[in-house]
Protein chains: 2
Amino acid sequence: MDEVHEPLFVRACRGEPVERTPIWVMRQAGRYLPEYRDVRAQTDFLGLCKTPELAAEVTFQPIRRYGLDAAIIFSDILVPVEAMGIPLDYQPGPVLGKTVQSMSDVDALRIPDPVSDMGFVMDAVRTFVSGMPQTPLIGFAGAPFTLAAYMIEGGGSRHYAETKRFLYDQPKVARALLSKLARTVADHLIAQAEAGCSALQLFDSWAGYLSRDDYLSFALPFTIEIVEVVKAAKPDVPFIVFPKGAAACFPELASIGADVLGVDWLFPLDEVDRRTEGKVVLQGNLDPCVLFGPKENIERQVQRILNEALHIKGHVFNLGHGILPQTDPEHMGALVESVKRLGVRRVPADLQ
Amino acid sequence: MDEVHEPLFVRACRGEPVERTPIWVMRQAGRYLPEYRDVRAQTDFLGLCKTPELAAEVTFQPIRRYGLDAAIIFSDILVPVEAMGIPLDYQPGPVLGKTVQSMSDVDALRIPDPVSDMGFVMDAVRTFVSGMPQTPLIGFAGAPFTLAAYMIEGGGSRHYAETKRFLYDQPKVARALLSKLARTVADHLIAQAEAGCSALQLFDSWAGYLSRDDYLSFALPFTIEIVEVVKAAKPDVPFIVFPKGAAACFPELASIGADVLGVDWLFPLDEVDRRTEGKVVLQGNLDPCVLFGPKENIERQVQRILNEALHIKGHVFNLGHGILPQTDPEHMGALVESVKRLGVRRVPADLQ
């Protein structure tokens, strides 16, 4: 592949010098957009995930409206959980039809074949890529700890108390579950790359509930396994890990072979870069709630983050968490405009 | 005062060498105890806060059962909010009868007189101290940012989106509110010390929702104001700040004049000590959910934390957040027993 023609986002993920900081936003295809709500009105949430033309359509929407530097395929981290044999419903938060409580529950879970069991995701990927070949598309999956937490709690939770009780009471069963999830997730990510994704992201949404000790014991080893398997199969596809809230483990997370570390809004990027010793590109990290405030404050905080990122290994602009449904689409536009205007970098002449 | 006779907990807060790591637990007077539920059945939550004999009784309970090294007066961080003129109800989470939305709402808030408006707290303090004079009693209050968040949202919140919108849209009004809260809280803490408390703790429960930039702008200045006012009035009373989730600001928090920094369970204490340059004693930091697991894991994690704290300035053992209502009282007993057995330290001979 001719490197010069690779998209800005992909080059930034590789840590190459870029002419401007790229931007995409987690949950950019979502409820804050009226055109998303129009499509969503035609079907339920899982129906939208499972209808490739509609999933591709809502993936196109924020690119058309804002000219973002990357798209992320519309899907849900629980799609593989359903394919493993757990009935899934949204009311509107996810409600699982079964919980995992014992080794026999773990044994009963299937390791799905991504193409035959979740083919709709790969079909949506292909539909997007043929419709917008210039825009890099990100495939994604949930990390084993986060998926296991859903399977144990049966849905979201305030403290993840049952999940932790499970980890402490039945560590062997927990590791068997996490290991099965790691295989499922690795297969699913590889299939998305084969269908045409230009980058992959692993979301560990509940990582920030674990102490460093528990994260290193129950979450990190399975994330490492996934990165190793996926990188062996797809060495050229940038891999982004986003362990929300796991700042205590950033030093370890910088050395697992992922290209990019997603960062929530709590720590400034220059401090994260020091703690990761400049080993990874950072993605983030504006508080999604900043979009509720005035445009001047959006611009001021964008400038602050760009300043903090000026001397780090590389930077992909994003929010520190998914965009919230009640966000004004015009403020999302102000964010993208600010990053594109303020994020222009001087590239050394010999690299131009 | 003869320093030799000061209680273990108070000496540890001062950073003096101690013969054993002291332990108390946030929300130790609470729903996990059957004897608490018996008292609570006689009245509603606010009624319990406002009846000094009952508030003192539930404060005694965990000391009698576990022999903890400190008590914390039974009360609620929203007591001063009600005294400022906002009706308060618990269903069971707090529901405020009014929200603060404008400068005129801020102007309408009273700065309460702690003795005449919240005298029941000081009465409970006196009742405890006369009943258990050997056990040091901690007085407490909520930090201005956390109290302001309740006043703006009207209760708890998932993202504190309205609070942040308020900070960004109306920073002047927000600062007027935070400043009024700082005066109220400082007065309330001083009054508790005058009534007989041996230490004071400031809870900033929602600090971890703010970026470093926003915390430094909207939370830290008001915490500093409180520490300065209280320390000027009560220089010998140890002051504990507990800004849950504010790890990004620990370096600043170490230099505000507080004696002790409360730490949640995400970062190990040795790393926090490095980031605070050994300037403060640390309090924490076991994940409350560890108490749901088996006793062997409780003991293992206690030993880990004691090891991490071995060379820091000073250590008060605690959970990293309040004990959860569904905790088995026997597991709380196992925690206290482990800390008392494993936390014995060799004090240099010349300090004995």
# chains A, B, ... in the order shown; residues from 1 in each chain; ligands from 1
call {"tool": "select_by_dssp", "arguments": {"residues": "segment 59-140 of chain B", "states": "helix (DSSP H, G or I)", "output": "NGL selection string"}}
result
:B and (59-66 or 79-83 or 103-107 or 114-117 or 119-131)
call {"tool": "write_last_selection", "arguments": {"atoms": "C-alpha atoms", "output": "PDB file, in the first residue's frame"}}
result
ATOM      1  CA  THR B  59     -22.493   6.033  66.031  1.00  0.00           C
ATOM      2  CA  PHE B  60     -21.657   3.873  69.059  1.00  0.00           C
ATOM      3  CA  GLN B  61     -22.805   0.638  67.395  1.00  0.00           C
ATOM      4  CA  PRO B  62     -19.847  -0.196  65.126  1.00  0.00           C
ATOM      5  CA  ILE B  63     -17.393   0.802  67.875  1.00  0.00           C
ATOM      6  CA  ARG B  64     -19.028  -1.614  70.306  1.00  0.00           C
ATOM      7  CA  ARG B  65     -19.186  -4.404  67.740  1.00  0.00           C
ATOM      8  CA  TYR B  66     -15.752  -4.038  66.125  1.00  0.00           C
ATOM      9  CA  VAL B  79     -27.988  18.650  56.513  1.00  0.00           C
ATOM     10  CA  PRO B  80     -26.423  22.106  55.862  1.00  0.00           C
ATOM     11  CA  VAL B  81     -28.195  22.275  52.479  1.00  0.00           C
ATOM     12  CA  GLU B  82     -31.548  21.980  54.225  1.00  0.00           C
ATOM     13  CA  ALA B  83     -30.426  24.585  56.752  1.00  0.00           C
ATOM     14  CA  MET B 103     -28.165  34.238  40.876  1.00  0.00           C
ATOM     15  CA  SER B 104     -31.452  35.041  42.595  1.00  0.00           C
ATOM     16  CA  ASP B 105     -31.680  31.405  43.709  1.00  0.00           C
ATOM     17  CA  VAL B 106     -28.181  31.741  45.162  1.00  0.00           C
ATOM     18  CA  ASP B 107     -29.050  35.050  46.824  1.00  0.00           C
ATOM     19  CA  PRO B 114     -24.510  25.957  62.842  1.00  0.00           C
ATOM     20  CA  VAL B 115     -25.454  26.054  66.501  1.00  0.00           C
ATOM     21  CA  SER B 116     -28.982  27.375  66.200  1.00  0.00           C
ATOM     22  CA  ASP B 117     -29.823  25.781  62.807  1.00  0.00           C
ATOM     23  CA  GLY B 119     -27.636  22.130  66.810  1.00  0.00           C
ATOM     24  CA  PHE B 120     -28.798  18.505  66.721  1.00  0.00           C
ATOM     25  CA  VAL B 121     -25.475  17.541  65.093  1.00  0.00           C
ATOM     26  CA  MET B 122     -23.464  19.176  67.864  1.00  0.00           C
ATOM     27  CA  ASP B 123     -25.773  17.611  70.485  1.00  0.00           C
ATOM     28  CA  ALA B 124     -25.123  14.182  68.963  1.00  0.00           C
ATOM     29  CA  VAL B 125     -21.373  14.898  69.030  1.00  0.00           C
ATOM     30  CA  ARG B 126     -21.523  15.799  72.740  1.00  0.00           C
ATOM     31  CA  THR B 127     -23.619  12.720  73.522  1.00  0.00           C
ATOM     32  CA  PHE B 128     -21.105  10.486  71.781  1.00  0.00           C
ATOM     33  CA  VAL B 129     -18.061  12.089  73.379  1.00  0.00           C
ATOM     34  CA  SER B 130     -19.476  11.855  76.874  1.00  0.00           C
ATOM     35  CA  GLY B 131     -20.449   8.215  76.306  1.00  0.00           C
TER      36      GLY B 131
END
call {"tool": "residues_around", "arguments": {"residues": "Ile138 of chain B", "least_positions_apart": "5", "cutoff": "8 Å", "atoms": "only C-alpha atoms", "output": "list in words"}}
result
Ala70, Ala71, Ile72, Ile73, Cys197, Ser198, Ala199, Leu200 and Gln201 of chain B
call {"tool": "closest_atom_pairs", "arguments": {"of": "chain A", "to": "chain B", "cutoff": "9 Å", "atoms": "only C-alpha atoms", "output": "tab-separated table"}}
result
residue	atom	partner	partner_atom	distance
A:His159	CA	B:Cys289	CA	8.1
A:Tyr160	CA	B:Cys289	CA	8.3
A:Ala161	CA	B:Cys289	CA	5.8
A:Glu162	CA	B:Phe292	CA	8.4
A:Lys164	CA	B:Cys289	CA	6.4
A:Arg165	CA	B:Gly293	CA	5.2
A:Phe166	CA	B:Gly293	CA	7.8
A:Leu167	CA	B:Gly293	CA	8.2
A:Tyr168	CA	B:Gly293	CA	5.0
A:Asp169	CA	B:Gly293	CA	5.5
A:Gly208	CA	B:Leu266	CA	7.5
A:Tyr209	CA	B:Leu266	CA	7.7
A:Leu210	CA	B:Leu266	CA	6.6
A:Ser211	CA	B:Leu266	CA	4.4
A:Arg212	CA	B:Leu266	CA	5.8
A:Asp213	CA	B:Pro268	CA	8.3
A:Gly245	CA	B:Leu266	CA	8.7
A:Ala246	CA	B:Leu266	CA	7.8
A:Ala247	CA	B:Phe267	CA	8.2
A:Ala248	CA	B:Phe267	CA	5.3
A:Cys249	CA	B:Phe267	CA	8.6
A:Asp264	CA	B:Ser211	CA	8.9
A:Trp265	CA	B:Ser211	CA	5.4
A:Leu266	CA	B:Ser211	CA	4.4
A:Phe267	CA	B:Ala248	CA	5.3
A:Pro268	CA	B:Arg212	CA	7.1
A:Glu271	CA	B:Ala248	CA	8.9
A:Leu286	CA	B:Ser211	CA	8.5
A:Asp287	CA	B:Ser211	CA	7.0
A:Pro288	CA	B:Ala161	CA	8.9
A:Cys289	CA	B:Ala161	CA	5.7
A:Val290	CA	B:Lys164	CA	7.3
A:Leu291	CA	B:Arg165	CA	8.5
A:Phe292	CA	B:Arg165	CA	5.4
A:Gly293	CA	B:Tyr168	CA	5.1
A:Pro294	CA	B:Asp169	CA	6.2
A:Asn297	CA	B:Tyr168	CA	6.9
A:Gln301	CA	B:Asp213	CA	8.8
call {"tool": "residues_around", "arguments": {"residues": "Ala219 of chain A", "least_positions_apart": "5", "cutoff": "9 Å", "atoms": "only C-alpha atoms", "output": "VMD selection string"}}
result
chain A and resid 143 to 146 178 204 207 210 214 224
call {"tool": "atom_distance", "arguments": {"atom1": "atom CA of Gly257 of chain A", "atom2": "atom CA of Lys234 of chain A"}}
result
12.2 Å
call {"tool": "select_by_dssp", "arguments": {"residues": "segment 170-340 of chain A", "states": "strand (DSSP E or B)", "output": "PyMOL selection string"}}
result
chain A and resi 199-204+239-243+260-262+281-286+315-319
call {"tool": "residues_around", "arguments": {"residues": "segment 3-19 of chain B", "least_positions_apart": "6", "cutoff": "7 Å", "atoms": "only C-alpha atoms", "output": "list in words"}}
result
Asp69, Ala70, Pro136, Pro238, Asp259, Val260, Val281, Lys313, Gly314, His315, Val316, Val344, Arg345, Arg346 and Val347 of chain B
call {"tool": "residues_around", "arguments": {"residues": "Gln91 of chain A", "least_positions_apart": "4", "cutoff": "12 Å", "atoms": "only C-alpha atoms", "output": "list in words"}}
result
Asp44, Phe45, Leu46, Val95, Leu96, Gly155 and Gly156 of chain A
call {"tool": "write_last_selection", "arguments": {"atoms": "C-alpha atoms", "output": "mmCIF file, in the first residue's frame"}}
result
data_model
loop_
_atom_site.group_PDB
_atom_site.id
_atom_site.type_symbol
_atom_site.label_atom_id
_atom_site.label_comp_id
_atom_site.auth_asym_id
_atom_site.auth_seq_id
_atom_site.Cartn_x
_atom_site.Cartn_y
_atom_site.Cartn_z
ATOM 1 C CA ASP A 44 -35.902 -1.302 17.435
ATOM 2 C CA PHE A 45 -32.298 -0.973 18.541
ATOM 3 C CA LEU A 46 -31.246 -4.558 17.798
ATOM 4 C CA VAL A 95 -31.366 -6.556 29.726
ATOM 5 C CA LEU A 96 -29.893 -10.045 29.373
ATOM 6 C CA GLY A 155 -27.465 -5.577 32.655
ATOM 7 C CA GLY A 156 -25.817 -2.381 33.837
#
call {"tool": "atom_distance", "arguments": {"atom1": "atom CA of Leu216 of chain B", "atom2": "atom CA of Leu282 of chain B"}}
result
20.6 Å
call {"tool": "atom_distance", "arguments": {"atom1": "atom CA of Ala334 of chain A", "atom2": "atom CA of Ala174 of chain B"}}
result
24.1 Å
call {"tool": "closest_residue", "arguments": {"among": "B:Met151, B:Val280, B:Leu269, B:Ile190", "to": "Asn318 of chain B", "atoms": "only C-alpha atoms"}}
result
B:Leu269
call {"tool": "closest_residue", "arguments": {"among": "B:Ile305, B:Ile323, B:Val58, B:Val173", "to": "Val339 of chain B", "atoms": "only C-alpha atoms"}}
result
B:Ile305
call {"tool": "residues_around", "arguments": {"residues": "Ala141 of chain B", "least_positions_apart": "2", "cutoff": "7 Å", "atoms": "only C-alpha atoms", "output": "ChimeraX atom specification"}}
result
/B:77,143,185,189,201-203
call {"tool": "decode", "arguments": {"residues": "segment 36-54 of chain A", "atoms": "C-alpha atoms", "output": "CSV table (one decimal), in the first residue's frame"}}
result
chain,number,residue,atom,x,y,z
A,36,TYR,CA,-30.5,9.0,13.4
A,37,ARG,CA,-33.8,9.2,15.3
A,38,ASP,CA,-35.6,9.1,11.9
A,39,VAL,CA,-34.0,5.9,11.0
A,40,ARG,CA,-34.3,4.5,14.5
A,41,ALA,CA,-38.1,5.1,14.4
A,42,GLN,CA,-38.3,2.4,11.7
A,43,THR,CA,-37.1,-0.4,13.9
A,44,ASP,CA,-35.9,-1.3,17.4
A,45,PHE,CA,-32.3,-1.0,18.5
A,46,LEU,CA,-31.2,-4.6,17.8
A,47,GLY,CA,-33.2,-4.4,14.5
A,48,LEU,CA,-31.1,-1.4,13.5
A,49,CYS,CA,-27.9,-3.3,14.4
A,50,LYS,CA,-29.0,-6.3,12.3
A,51,THR,CA,-30.2,-4.5,9.2
A,52,PRO,CA,-26.9,-3.8,7.3
A,53,GLU,CA,-28.4,-1.0,5.1
A,54,LEU,CA,-29.8,0.9,8.1
